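> Just passing along the structure, written as structure tokens.
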Amino acid sequence: MSKFALLSGEMRLMIETGGLRFGEKLPSVRAFARARRLSITTVVEAYRELEAIDLVEARPRSGYYVKLDTTRSSVPRRRFRSAPIGLRTYRDLMPELLSEADQSGRLLRLGMAAIDGSLLPRELLARLTRQILRTSGTQAFEYSDPLGLASFRRRIGALMRDRGVAVDARDVIITSGCQEALWLALQSVCRPGDALAIESPCYPGVIKMMQLMGLKAVEIPTTPAGLHLDMLERAVRKHKIAACYVMPNCGNPTGLVYSEETKQQLCDLASRYDLPIIEDGANGDLYYGVSPLSSLKRYDHGDRVLFCSSFSKTVAPAFRVGWIIPARFARRAMELKYGVSMGTPVLQQMVINRFISEGSYKRGLLRTRRVLATTIAHMLRCVDDCFPTGVICQRPFGGMCAWIGLPSGVDSERLRHRAFESNISIASGRMFSPSSAYANYIRLGWGGVWTERAEAGVREVGSIAHDLSRTAANRRRSRS
């Protein structure tokens with residue numbers, strides 16, 4: 001990783017944890033470069049990286065100042081049960097969110113973590129599909145290697161180098177989206193009754209798969225730097241933990257990016273306890289900054305990290321094309337892939353392979369990242385303007401969602417139902433925890449260009465939250 005990326009990551013953590021306060025002036029470029037024995041160019045690039053993710057601002061003839069107010073973004077520490085918990089009563093609301101999306105045009109979808117169709121390269125993908133069907137003969141219609149097309153797997157190996165990971169085609173299995181990749185990973189390292197450590201809040205798709213597999217969960221909270229490693233280590237020492245699931249880059253629902261130090265220390269912990277780590281990289285290319293984010297697997301010297309990702313968030317959700325790098329569990333993952341689906345459709349692999357080879361993938365990501373960063377900035381300003389006092393808004397560093405904590409007593413399920421009556425769909429926080437720990441949290445998402453309709457929808461959700469907050473406050477007063 002470049003020196004400026006390491007420096008910007010260090011300063012990001014200082015800002016998020018309050019080491020650098022809102023409005024505080026950063027050291028001058030020359031003074032900082034001299035103090036740290038770095039080049040002026042390195043410091044300038046680090047400051048520009050922080051500016052790109054909206055943590056600092058440059059003031060003419062004055063310098064750089066901290067822009068993030070941590071008093072509105074710090075997330076209170078939650079206490080979780082240290083013992084593994086069963087998942088029989090867990091309720092996944094994702095099927096409801098997906099079915100709500102079928103209502104043509106009437107429903108404002110603020111509950112989905114999905115890229116808007118306007119950012120998807122539909123016409124280019126259609127052209128490439130027609131070309132391939134004309135020129136590939138019968139290959140696009142036949143069975144292929146269950147592991148995926150060799151040329152496509154080599155292409156993914158090249159993409160992984162941007163994340164700091166050296167792999168070749170033999171290390172990669174093509175899957176039907178990231179969801180199948182995660183399922184292969186879980187099945188490779190866990191058996192029914194096992195306990196899995198998961199970051200909290202957690203992507204609900206993984207909790208649902210754990211429920212179906214008969215697994216138990218141990219929730220590990222996150223900090224501004226990433227997973228709370230001391231709590232993970234205590235859990236590993238106290239209980240038999242089969243593996244750990246994390247989304248270290250642009251997490252869902254938080255948009256959190258783990259610090260490089262946390263990534264390295266997590267891999268060191270995995271090495272000490274021989275703990276497999278399932279890394280979900282589905283959002284990893286949707287960072288708001290300038291430099292690519294390194295994968296957790298970059299620090300994996302014991303081949304324990306199973307890396308999972310897909311093109312569903314960046315190219316075409318309906319293509320359902322993803323991949324897994326199963327590390328030392330490759331044999332088991334290959335058997336599972338063959339036994340479940342015998343392979344991933346060839347045509348989609350060929351189309352995305354050519355899409356990447358023409359340079360369209362990286363060009364499209366540049367535009368998508370710029371749009372998402374601008375959109376989330378608009379959304380956060382809107383939340384700041386129109387939600388009730390006491391709201392906590394954790395600043396995301398990538399992705400298309402904002403994780404919002406509501407005042408005490410405001411139930412996110414009631415808010416979701418009230419919003420739905422106004423033709424607005426949001427995601428309530430309960431589904432991001434197997435213990436329903438986030439009853440007063442919501443996830444808002446908008447995966448496209450910010451619009452007046454989106455702003456009006458967020459303002460309406462804020463108005464309903466105000467109403468529920470007043471009701472909760474009146475209820476507390478009546479009890480006292």
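Residue numbering restarts at 1 in every chain; chains get A, B, ... in the order shown in the structure tokens, and ligands count up from 1 in that same order.
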DSSP on the backbone: what in segment 238-374 of chain A comes out strand (DSSP E or B), as a VMD selection string?
chain A and resid 241 to 246 249 257 277 to 280 287 305 to 310 322 to 325
> Those residues with N, CA, C and O atoms, as a PDB file, in the first residue's frame please?

```pdb
ATOM      1  N   ILE A 241     -15.238 -21.362  18.499  1.00  0.00           N
ATOM      2  CA  ILE A 241     -15.687 -20.562  17.358  1.00  0.00           C
ATOM      3  C   ILE A 241     -15.161 -21.204  16.077  1.00  0.00           C
ATOM      4  O   ILE A 241     -13.947 -21.367  15.917  1.00  0.00           O
ATOM      5  N   ALA A 242     -16.064 -21.561  15.169  1.00  0.00           N
ATOM      6  CA  ALA A 242     -15.648 -22.248  13.948  1.00  0.00           C
ATOM      7  C   ALA A 242     -14.990 -21.309  12.952  1.00  0.00           C
ATOM      8  O   ALA A 242     -14.084 -21.709  12.201  1.00  0.00           O
ATOM      9  N   ALA A 243     -15.446 -20.054  12.901  1.00  0.00           N
ATOM     10  CA  ALA A 243     -14.930 -19.090  11.927  1.00  0.00           C
ATOM     11  C   ALA A 243     -15.449 -17.712  12.303  1.00  0.00           C
ATOM     12  O   ALA A 243     -16.240 -17.547  13.239  1.00  0.00           O
ATOM     13  N   CYS A 244     -15.012 -16.704  11.542  1.00  0.00           N
ATOM     14  CA  CYS A 244     -15.440 -15.325  11.768  1.00  0.00           C
ATOM     15  C   CYS A 244     -15.812 -14.706  10.428  1.00  0.00           C
ATOM     16  O   CYS A 244     -15.077 -14.861   9.439  1.00  0.00           O
ATOM     17  N   TYR A 245     -16.955 -14.012  10.391  1.00  0.00           N
ATOM     18  CA  TYR A 245     -17.405 -13.329   9.175  1.00  0.00           C
ATOM     19  C   TYR A 245     -17.255 -11.826   9.348  1.00  0.00           C
ATOM     20  O   TYR A 245     -17.692 -11.251  10.357  1.00  0.00           O
ATOM     21  N   VAL A 246     -16.659 -11.156   8.332  1.00  0.00           N
ATOM     22  CA  VAL A 246     -16.502  -9.695   8.365  1.00  0.00           C
ATOM     23  C   VAL A 246     -16.687  -9.127   6.961  1.00  0.00           C
ATOM     24  O   VAL A 246     -16.507  -9.819   5.956  1.00  0.00           O
ATOM     25  N   ASN A 249     -14.415  -3.745   4.081  1.00  0.00           N
ATOM     26  CA  ASN A 249     -14.368  -2.589   3.191  1.00  0.00           C
ATOM     27  C   ASN A 249     -15.775  -2.181   2.766  1.00  0.00           C
ATOM     28  O   ASN A 249     -16.466  -2.939   2.085  1.00  0.00           O
ATOM     29  N   VAL A 257     -14.968   1.204   6.894  1.00  0.00           N
ATOM     30  CA  VAL A 257     -13.746   0.644   6.330  1.00  0.00           C
ATOM     31  C   VAL A 257     -12.778   0.380   7.481  1.00  0.00           C
ATOM     32  O   VAL A 257     -12.436   1.300   8.230  1.00  0.00           O
ATOM     33  N   ILE A 277     -11.341 -17.017   8.453  1.00  0.00           N
ATOM     34  CA  ILE A 277     -12.030 -15.737   8.312  1.00  0.00           C
ATOM     35  C   ILE A 277     -12.741 -15.717   6.960  1.00  0.00           C
ATOM     36  O   ILE A 277     -12.123 -15.984   5.929  1.00  0.00           O
ATOM     37  N   ILE A 278     -14.038 -15.404   6.970  1.00  0.00           N
ATOM     38  CA  ILE A 278     -14.793 -15.223   5.734  1.00  0.00           C
ATOM     39  C   ILE A 278     -14.876 -13.728   5.472  1.00  0.00           C
ATOM     40  O   ILE A 278     -15.492 -12.988   6.241  1.00  0.00           O
ATOM     41  N   GLU A 279     -14.231 -13.289   4.397  1.00  0.00           N
ATOM     42  CA  GLU A 279     -14.208 -11.873   4.046  1.00  0.00           C
ATOM     43  C   GLU A 279     -15.207 -11.610   2.924  1.00  0.00           C
ATOM     44  O   GLU A 279     -15.086 -12.155   1.835  1.00  0.00           O
ATOM     45  N   ASP A 280     -16.173 -10.773   3.216  1.00  0.00           N
ATOM     46  CA  ASP A 280     -17.175 -10.372   2.234  1.00  0.00           C
ATOM     47  C   ASP A 280     -16.700  -9.083   1.572  1.00  0.00           C
ATOM     48  O   ASP A 280     -16.666  -8.031   2.196  1.00  0.00           O
ATOM     49  N   TYR A 287     -15.635   2.354  -2.760  1.00  0.00           N
ATOM     50  CA  TYR A 287     -15.064   3.316  -1.816  1.00  0.00           C
ATOM     51  C   TYR A 287     -15.156   4.725  -2.403  1.00  0.00           C
ATOM     52  O   TYR A 287     -15.175   4.926  -3.611  1.00  0.00           O
ATOM     53  N   VAL A 305      -8.062 -16.995   5.056  1.00  0.00           N
ATOM     54  CA  VAL A 305      -9.113 -16.050   4.675  1.00  0.00           C
ATOM     55  C   VAL A 305      -9.784 -16.524   3.389  1.00  0.00           C
ATOM     56  O   VAL A 305      -9.132 -16.678   2.351  1.00  0.00           O
ATOM     57  N   LEU A 306     -11.089 -16.764   3.467  1.00  0.00           N
ATOM     58  CA  LEU A 306     -11.894 -17.108   2.296  1.00  0.00           C
ATOM     59  C   LEU A 306     -12.512 -15.814   1.777  1.00  0.00           C
ATOM     60  O   LEU A 306     -13.370 -15.220   2.443  1.00  0.00           O
ATOM     61  N   PHE A 307     -12.085 -15.371   0.618  1.00  0.00           N
ATOM     62  CA  PHE A 307     -12.540 -14.089   0.069  1.00  0.00           C
ATOM     63  C   PHE A 307     -13.720 -14.313  -0.865  1.00  0.00           C
ATOM     64  O   PHE A 307     -13.666 -15.162  -1.761  1.00  0.00           O
ATOM     65  N   CYS A 308     -14.799 -13.528  -0.676  1.00  0.00           N
ATOM     66  CA  CYS A 308     -16.016 -13.651  -1.484  1.00  0.00           C
ATOM     67  C   CYS A 308     -16.398 -12.288  -2.048  1.00  0.00           C
ATOM     68  O   CYS A 308     -16.344 -11.282  -1.337  1.00  0.00           O
ATOM     69  N   SER A 309     -16.803 -12.252  -3.318  1.00  0.00           N
ATOM     70  CA  SER A 309     -17.247 -10.989  -3.895  1.00  0.00           C
ATOM     71  C   SER A 309     -18.087 -11.276  -5.137  1.00  0.00           C
ATOM     72  O   SER A 309     -18.348 -12.424  -5.476  1.00  0.00           O
ATOM     73  N   SER A 310     -18.519 -10.196  -5.808  1.00  0.00           N
ATOM     74  CA  SER A 310     -19.337 -10.358  -7.005  1.00  0.00           C
ATOM     75  C   SER A 310     -19.342  -9.077  -7.814  1.00  0.00           C
ATOM     76  O   SER A 310     -18.775  -8.064  -7.409  1.00  0.00           O
ATOM     77  N   GLY A 322     -20.302 -13.994  -9.367  1.00  0.00           N
ATOM     78  CA  GLY A 322     -19.392 -13.650  -8.285  1.00  0.00           C
ATOM     79  C   GLY A 322     -18.224 -14.607  -8.262  1.00  0.00           C
ATOM     80  O   GLY A 322     -18.015 -15.385  -9.201  1.00  0.00           O
ATOM     81  N   TRP A 323     -17.461 -14.577  -7.177  1.00  0.00           N
ATOM     82  CA  TRP A 323     -16.352 -15.507  -7.063  1.00  0.00           C
ATOM     83  C   TRP A 323     -15.954 -15.705  -5.613  1.00  0.00           C
ATOM     84  O   TRP A 323     -16.286 -14.906  -4.747  1.00  0.00           O
ATOM     85  N   ILE A 324     -15.254 -16.794  -5.372  1.00  0.00           N
ATOM     86  CA  ILE A 324     -14.688 -17.085  -4.062  1.00  0.00           C
ATOM     87  C   ILE A 324     -13.251 -17.522  -4.252  1.00  0.00           C
ATOM     88  O   ILE A 324     -12.919 -18.229  -5.211  1.00  0.00           O
ATOM     89  N   ILE A 325     -12.393 -17.074  -3.349  1.00  0.00           N
ATOM     90  CA  ILE A 325     -11.023 -17.571  -3.238  1.00  0.00           C
ATOM     91  C   ILE A 325     -10.994 -18.345  -1.923  1.00  0.00           C
ATOM     92  O   ILE A 325     -10.874 -17.750  -0.838  1.00  0.00           O
TER      93      ILE A 325
END
```
> Arg443 of chain A: which residues within 10 Å, counting only C-alpha atoms, same-chain residues fewer than 6 positions away excluded, as a PyMOL selection string?
chain A and resi 110-113+252-254+401-405+412+426-429+432
> Among segment 173-235 of chain A, which residues does DSSP mark as alpha helix (DSSP H) when it is run on the backbone? Keep the chain and numbering as in the structure and answer as a ChimeraX atom specification.
/A:177-189,204-213,229-235
> Report the distance between atom CA of Pro407 of chain A and atom CA of Leu468 of chain A in Å, rounded to one decimal place.
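Atom CA of Leu468 of chain A lies at a distance of 9.4 Å from atom CA of Pro407 of chain A.
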> So which residues touch Cys382 of chain A within 9 Å, counting only C-alpha atoms, skipping near sequence neighbours fewer than 4 positions away, as a list in words?
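Neighbouring residues, sequence-local ones excluded: Ala377, His378, Cys386, Phe387, Glu455, Val458, Arg459 and Gly462 of chain A.
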> Can you write just those residues out, all heavy atoms, as a PDB file, in the first residue's frame?

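So selection.pdb came out as:
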```
ATOM      1  N   ALA A 377     -23.525  12.152   0.611  1.00  0.00           N
ATOM      2  CA  ALA A 377     -23.326  13.453   1.259  1.00  0.00           C
ATOM      3  C   ALA A 377     -24.632  14.234   1.307  1.00  0.00           C
ATOM      4  O   ALA A 377     -24.972  14.851   2.335  1.00  0.00           O
ATOM      5  CB  ALA A 377     -22.252  14.243   0.506  1.00  0.00           C
ATOM      6  N   HIS A 378     -25.408  14.218   0.204  1.00  0.00           N
ATOM      7  CA  HIS A 378     -26.725  14.866   0.195  1.00  0.00           C
ATOM      8  C   HIS A 378     -27.649  14.225   1.228  1.00  0.00           C
ATOM      9  O   HIS A 378     -28.363  14.923   1.967  1.00  0.00           O
ATOM     10  CB  HIS A 378     -27.362  14.747  -1.192  1.00  0.00           C
ATOM     11  CG  HIS A 378     -26.861  15.736  -2.192  1.00  0.00           C
ATOM     12  ND1 HIS A 378     -26.958  17.095  -2.015  1.00  0.00           N
ATOM     13  CD2 HIS A 378     -26.256  15.565  -3.401  1.00  0.00           C
ATOM     14  CE1 HIS A 378     -26.443  17.728  -3.052  1.00  0.00           C
ATOM     15  NE2 HIS A 378     -26.001  16.825  -3.906  1.00  0.00           N
ATOM     16  N   CYS A 386     -33.435  17.327   8.936  1.00  0.00           N
ATOM     17  CA  CYS A 386     -34.860  17.066   9.160  1.00  0.00           C
ATOM     18  C   CYS A 386     -35.170  15.928  10.130  1.00  0.00           C
ATOM     19  O   CYS A 386     -36.338  15.661  10.395  1.00  0.00           O
ATOM     20  CB  CYS A 386     -35.548  16.796   7.818  1.00  0.00           C
ATOM     21  SG  CYS A 386     -34.956  15.338   6.950  1.00  0.00           S
ATOM     22  N   PHE A 387     -34.160  15.245  10.676  1.00  0.00           N
ATOM     23  CA  PHE A 387     -34.430  14.200  11.665  1.00  0.00           C
ATOM     24  C   PHE A 387     -34.379  14.804  13.063  1.00  0.00           C
ATOM     25  O   PHE A 387     -33.784  15.865  13.281  1.00  0.00           O
ATOM     26  CB  PHE A 387     -33.420  13.072  11.533  1.00  0.00           C
ATOM     27  CG  PHE A 387     -33.820  12.003  10.539  1.00  0.00           C
ATOM     28  CD1 PHE A 387     -34.047  12.327   9.204  1.00  0.00           C
ATOM     29  CD2 PHE A 387     -33.967  10.686  10.934  1.00  0.00           C
ATOM     30  CE1 PHE A 387     -34.414  11.367   8.288  1.00  0.00           C
ATOM     31  CE2 PHE A 387     -34.332   9.704  10.028  1.00  0.00           C
ATOM     32  CZ  PHE A 387     -34.566  10.045   8.696  1.00  0.00           C
ATOM     33  N   GLU A 455     -34.938  13.174  -1.894  1.00  0.00           N
ATOM     34  CA  GLU A 455     -34.853  14.118  -0.771  1.00  0.00           C
ATOM     35  C   GLU A 455     -36.202  14.265  -0.079  1.00  0.00           C
ATOM     36  O   GLU A 455     -36.276  14.287   1.161  1.00  0.00           O
ATOM     37  CB  GLU A 455     -34.351  15.476  -1.248  1.00  0.00           C
ATOM     38  CG  GLU A 455     -34.326  16.516  -0.159  1.00  0.00           C
ATOM     39  CD  GLU A 455     -33.215  17.539  -0.315  1.00  0.00           C
ATOM     40  OE1 GLU A 455     -32.344  17.343  -1.167  1.00  0.00           O
ATOM     41  OE2 GLU A 455     -33.238  18.516   0.436  1.00  0.00           O
ATOM     42  N   VAL A 458     -36.701  11.179   2.143  1.00  0.00           N
ATOM     43  CA  VAL A 458     -35.921  11.214   3.384  1.00  0.00           C
ATOM     44  C   VAL A 458     -36.535  12.217   4.365  1.00  0.00           C
ATOM     45  O   VAL A 458     -36.618  11.959   5.573  1.00  0.00           O
ATOM     46  CB  VAL A 458     -34.450  11.554   3.088  1.00  0.00           C
ATOM     47  CG1 VAL A 458     -33.674  11.779   4.392  1.00  0.00           C
ATOM     48  CG2 VAL A 458     -33.794  10.441   2.279  1.00  0.00           C
ATOM     49  N   ARG A 459     -36.988  13.350   3.850  1.00  0.00           N
ATOM     50  CA  ARG A 459     -37.615  14.348   4.725  1.00  0.00           C
ATOM     51  C   ARG A 459     -38.914  13.811   5.338  1.00  0.00           C
ATOM     52  O   ARG A 459     -39.222  14.090   6.498  1.00  0.00           O
ATOM     53  CB  ARG A 459     -37.864  15.641   3.956  1.00  0.00           C
ATOM     54  CG  ARG A 459     -36.582  16.389   3.619  1.00  0.00           C
ATOM     55  CD  ARG A 459     -36.839  17.767   3.025  1.00  0.00           C
ATOM     56  NE  ARG A 459     -35.563  18.448   2.782  1.00  0.00           N
ATOM     57  CZ  ARG A 459     -34.852  19.077   3.693  1.00  0.00           C
ATOM     58  NH1 ARG A 459     -35.324  19.154   4.938  1.00  0.00           N
ATOM     59  NH2 ARG A 459     -33.710  19.657   3.392  1.00  0.00           N
ATOM     60  N   GLY A 462     -37.963  11.570   8.081  1.00  0.00           N
ATOM     61  CA  GLY A 462     -37.576  12.400   9.217  1.00  0.00           C
ATOM     62  C   GLY A 462     -38.772  12.958   9.959  1.00  0.00           C
ATOM     63  O   GLY A 462     -38.776  13.018  11.197  1.00  0.00           O
TER      64      GLY A 462
END
```
> For Val44 of chain A, list every protein, DNA or RNA residue within 12 Å, evaluated using only C-alpha atoms, and leave out those in the same chain fewer than 6 positions away; present the list as a CSV table (one decimal) with all heavy atoms, in the first residue's frame.

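The new file selection_39.csv reads:
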```
chain,number,residue,atom,x,y,z
A,3,LYS,N,2.4,5.1,0.6
A,3,LYS,CA,2.7,5.8,1.8
A,3,LYS,C,1.5,6.8,2.1
A,3,LYS,O,1.1,7.0,3.2
A,3,LYS,CB,4.0,6.6,1.7
A,3,LYS,CG,5.2,5.7,1.8
A,3,LYS,CD,6.5,6.5,1.7
A,3,LYS,CE,7.7,5.6,1.8
A,3,LYS,NZ,9.0,6.4,1.8
A,4,PHE,N,1.0,7.4,1.0
A,4,PHE,CA,-0.1,8.4,1.3
A,4,PHE,C,-1.4,7.7,1.7
A,4,PHE,O,-2.1,8.3,2.5
A,4,PHE,CB,-0.3,9.3,0.0
A,4,PHE,CG,-1.3,8.7,-1.0
A,4,PHE,CD1,-2.6,8.9,-0.9
A,4,PHE,CD2,-0.8,8.0,-2.1
A,4,PHE,CE1,-3.5,8.4,-1.8
A,4,PHE,CE2,-1.7,7.5,-3.1
A,4,PHE,CZ,-3.0,7.7,-2.9
A,5,ALA,N,-1.6,6.5,1.2
A,5,ALA,CA,-2.8,5.8,1.7
A,5,ALA,C,-2.7,5.4,3.1
A,5,ALA,O,-3.7,5.4,3.9
A,5,ALA,CB,-3.0,4.5,0.8
A,7,LEU,N,-0.9,7.0,5.4
A,7,LEU,CA,-1.0,8.2,6.1
A,7,LEU,C,-2.5,8.7,6.2
A,7,LEU,O,-3.0,9.0,7.3
A,7,LEU,CB,-0.2,9.3,5.5
A,7,LEU,CG,-0.2,10.7,6.2
A,7,LEU,CD1,0.3,10.5,7.6
A,7,LEU,CD2,0.6,11.7,5.4
A,8,SER,N,-3.2,8.6,5.1
A,8,SER,CA,-4.6,9.1,5.2
A,8,SER,C,-5.4,8.1,6.0
A,8,SER,O,-6.3,8.6,6.8
A,8,SER,CB,-5.2,9.1,3.7
A,8,SER,OG,-5.2,7.8,3.2
A,26,LEU,N,-5.4,21.2,10.4
A,26,LEU,CA,-4.4,20.2,10.3
A,26,LEU,C,-3.0,20.9,10.1
A,26,LEU,O,-2.9,22.0,9.7
A,26,LEU,CB,-4.6,19.3,9.0
A,26,LEU,CG,-5.9,18.5,8.9
A,26,LEU,CD1,-5.9,17.6,7.7
A,26,LEU,CD2,-6.2,17.7,10.2
A,27,PRO,N,-1.9,20.2,10.5
A,27,PRO,CA,-0.6,20.7,10.3
A,27,PRO,C,-0.4,21.1,8.8
A,27,PRO,O,-0.9,20.5,7.9
A,27,PRO,CB,0.3,19.6,10.7
A,27,PRO,CG,-0.5,18.7,11.6
A,27,PRO,CD,-1.9,18.8,11.0
A,28,SER,N,0.4,22.2,8.6
A,28,SER,CA,0.7,22.6,7.3
A,28,SER,C,1.4,21.4,6.5
A,28,SER,O,2.1,20.6,7.2
A,28,SER,CB,1.6,23.8,7.2
A,28,SER,OG,2.9,23.5,7.6
A,29,VAL,N,1.3,21.4,5.2
A,29,VAL,CA,1.9,20.3,4.4
A,29,VAL,C,3.4,20.3,4.7
A,29,VAL,O,3.9,19.2,4.9
A,29,VAL,CB,1.5,20.6,2.9
A,29,VAL,CG1,2.3,19.6,2.1
A,29,VAL,CG2,0.0,20.4,2.7
A,30,ARG,N,4.0,21.4,4.6
A,30,ARG,CA,5.5,21.4,4.8
A,30,ARG,C,5.9,20.9,6.2
A,30,ARG,O,6.8,20.1,6.3
A,30,ARG,CB,6.1,22.8,4.5
A,30,ARG,CG,6.0,23.2,3.0
A,30,ARG,CD,6.7,24.5,2.8
A,30,ARG,NE,6.5,24.9,1.4
A,30,ARG,CZ,7.4,24.5,0.4
A,30,ARG,NH1,8.4,23.7,0.7
A,30,ARG,NH2,7.2,24.9,-0.8
A,31,ALA,N,5.2,21.4,7.2
A,31,ALA,CA,5.6,21.1,8.6
A,31,ALA,C,5.3,19.6,8.8
A,31,ALA,O,6.1,18.9,9.5
A,31,ALA,CB,4.8,21.9,9.6
A,32,PHE,N,4.2,19.1,8.3
A,32,PHE,CA,3.9,17.7,8.5
A,32,PHE,C,4.9,16.8,7.8
A,32,PHE,O,5.3,15.8,8.3
A,32,PHE,CB,2.4,17.4,8.1
A,32,PHE,CG,1.8,16.2,8.7
A,32,PHE,CD1,2.3,15.7,9.9
A,32,PHE,CD2,0.7,15.6,8.1
A,32,PHE,CE1,1.7,14.5,10.4
A,32,PHE,CE2,0.1,14.4,8.6
A,32,PHE,CZ,0.6,13.9,9.8
A,33,ALA,N,5.2,17.2,6.6
A,33,ALA,CA,6.2,16.4,5.8
A,33,ALA,C,7.5,16.3,6.5
A,33,ALA,O,8.2,15.3,6.6
A,33,ALA,CB,6.3,17.0,4.4
A,38,LEU,N,8.5,12.7,5.4
A,38,LEU,CA,7.8,12.2,4.2
A,38,LEU,C,7.9,13.3,3.1
A,38,LEU,O,8.3,14.5,3.5
A,38,LEU,CB,6.3,12.0,4.4
A,38,LEU,CG,5.9,10.9,5.4
A,38,LEU,CD1,4.5,11.0,5.8
A,38,LEU,CD2,6.3,9.5,4.8
A,50,LEU,N,-8.4,12.5,2.1
A,50,LEU,CA,-9.3,12.9,3.2
A,50,LEU,C,-10.4,13.8,2.8
A,50,LEU,O,-11.5,13.8,3.2
A,50,LEU,CB,-8.5,13.4,4.4
A,50,LEU,CG,-7.5,12.5,5.1
A,50,LEU,CD1,-6.7,13.3,6.1
A,50,LEU,CD2,-8.3,11.4,5.8
A,51,GLU,N,-10.0,14.7,1.9
A,51,GLU,CA,-10.9,15.7,1.3
A,51,GLU,C,-11.9,15.0,0.4
A,51,GLU,O,-13.1,15.3,0.5
A,51,GLU,CB,-10.2,16.8,0.5
A,51,GLU,CG,-11.1,17.9,0.1
A,51,GLU,CD,-10.3,19.0,-0.6
A,51,GLU,OE1,-9.2,18.7,-1.1
A,51,GLU,OE2,-10.8,20.1,-0.7
A,58,ALA,N,-10.5,22.1,2.4
A,58,ALA,CA,-9.4,23.0,2.2
A,58,ALA,C,-10.0,24.4,2.2
A,58,ALA,O,-11.0,24.7,1.5
A,58,ALA,CB,-8.7,22.7,0.9
A,63,GLY,N,-5.4,26.6,4.8
A,63,GLY,CA,-5.0,25.2,5.0
A,63,GLY,C,-6.2,24.2,5.0
A,63,GLY,O,-7.3,24.5,4.6
A,64,TYR,N,-5.9,23.1,5.7
A,64,TYR,CA,-7.0,22.0,5.7
A,64,TYR,C,-7.5,22.0,7.2
A,64,TYR,O,-6.8,22.1,8.1
A,64,TYR,CB,-6.4,20.7,5.4
A,64,TYR,CG,-6.1,20.5,3.9
A,64,TYR,CD1,-4.9,20.9,3.3
A,64,TYR,CD2,-7.0,19.9,3.0
A,64,TYR,CE1,-4.6,20.7,2.0
A,64,TYR,CE2,-6.8,19.8,1.7
A,64,TYR,CZ,-5.6,20.2,1.2
A,64,TYR,OH,-5.3,20.0,-0.2
```
> Using only C-alpha atoms, which residues sit within 8 Å of segment 151-165 of chain A once same-chain residues fewer than 2 positions away are excluded, as a ChimeraX atom specification?
/A:1,148-149,167-170,172-174,292-295,297-298,349-350,353,356-357
> For the residues selected in the previous step, produce a file with N, CA and C atoms as a CSV table (one decimal), in the first residue's frame.

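The result, written out as part19.csv:
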```
chain,number,residue,atom,x,y,z
A,1,MET,N,0.8,-1.2,0.0
A,1,MET,CA,0.0,0.0,0.0
A,1,MET,C,0.9,1.2,0.0
A,148,GLY,N,-15.4,-22.4,-13.5
A,148,GLY,CA,-15.6,-21.2,-14.2
A,148,GLY,C,-14.6,-21.1,-15.4
A,149,LEU,N,-14.8,-20.2,-16.3
A,149,LEU,CA,-13.9,-20.0,-17.5
A,149,LEU,C,-12.5,-19.6,-17.0
A,167,VAL,N,-3.1,-13.8,-6.6
A,167,VAL,CA,-3.8,-15.1,-6.9
A,167,VAL,C,-3.7,-15.4,-8.4
A,168,ASP,N,-3.9,-16.6,-8.7
A,168,ASP,CA,-4.0,-17.0,-10.2
A,168,ASP,C,-5.3,-17.7,-10.4
A,169,ALA,N,-5.5,-18.2,-11.6
A,169,ALA,CA,-6.8,-18.8,-12.0
A,169,ALA,C,-7.1,-20.0,-11.1
A,170,ARG,N,-6.1,-20.7,-10.7
A,170,ARG,CA,-6.4,-22.0,-9.9
A,170,ARG,C,-7.0,-21.7,-8.5
A,172,VAL,N,-9.3,-19.4,-7.9
A,172,VAL,CA,-10.6,-18.7,-8.0
A,172,VAL,C,-11.7,-19.7,-8.4
A,173,ILE,N,-12.9,-19.6,-7.8
A,173,ILE,CA,-14.1,-20.4,-8.2
A,173,ILE,C,-15.1,-19.3,-8.6
A,174,ILE,N,-15.7,-19.4,-9.8
A,174,ILE,CA,-16.8,-18.5,-10.2
A,174,ILE,C,-18.1,-19.0,-9.6
A,292,PRO,N,-7.4,2.5,-4.1
A,292,PRO,CA,-8.1,1.2,-3.8
A,292,PRO,C,-7.9,0.7,-2.4
A,293,LEU,N,-8.9,0.1,-1.9
A,293,LEU,CA,-8.8,-0.5,-0.5
A,293,LEU,C,-8.2,-1.9,-0.5
A,294,SER,N,-7.3,-2.1,0.4
A,294,SER,CA,-6.7,-3.4,0.4
A,294,SER,C,-7.6,-4.4,1.0
A,295,SER,N,-7.5,-5.6,0.5
A,295,SER,CA,-8.3,-6.7,1.1
A,295,SER,C,-7.7,-7.2,2.4
A,297,LYS,N,-7.4,-10.2,2.9
A,297,LYS,CA,-6.6,-11.3,2.5
A,297,LYS,C,-5.1,-10.9,2.2
A,298,ARG,N,-4.9,-9.7,2.0
A,298,ARG,CA,-3.5,-9.2,1.7
A,298,ARG,C,-2.6,-9.5,2.9
A,349,GLN,N,-20.4,-14.9,-17.8
A,349,GLN,CA,-19.0,-14.9,-17.6
A,349,GLN,C,-18.3,-14.3,-18.7
A,350,MET,N,-18.7,-14.7,-19.9
A,350,MET,CA,-18.0,-14.2,-21.2
A,350,MET,C,-18.2,-12.7,-21.3
A,353,ASN,N,-16.3,-10.8,-18.7
A,353,ASN,CA,-14.8,-10.9,-19.0
A,353,ASN,C,-14.4,-9.9,-20.1
A,356,ILE,N,-14.6,-6.2,-18.8
A,356,ILE,CA,-13.4,-5.8,-18.0
A,356,ILE,C,-12.2,-5.6,-19.0
A,357,SER,N,-12.0,-6.5,-19.9
A,357,SER,CA,-10.8,-6.5,-20.8
A,357,SER,C,-10.8,-5.2,-21.6
```
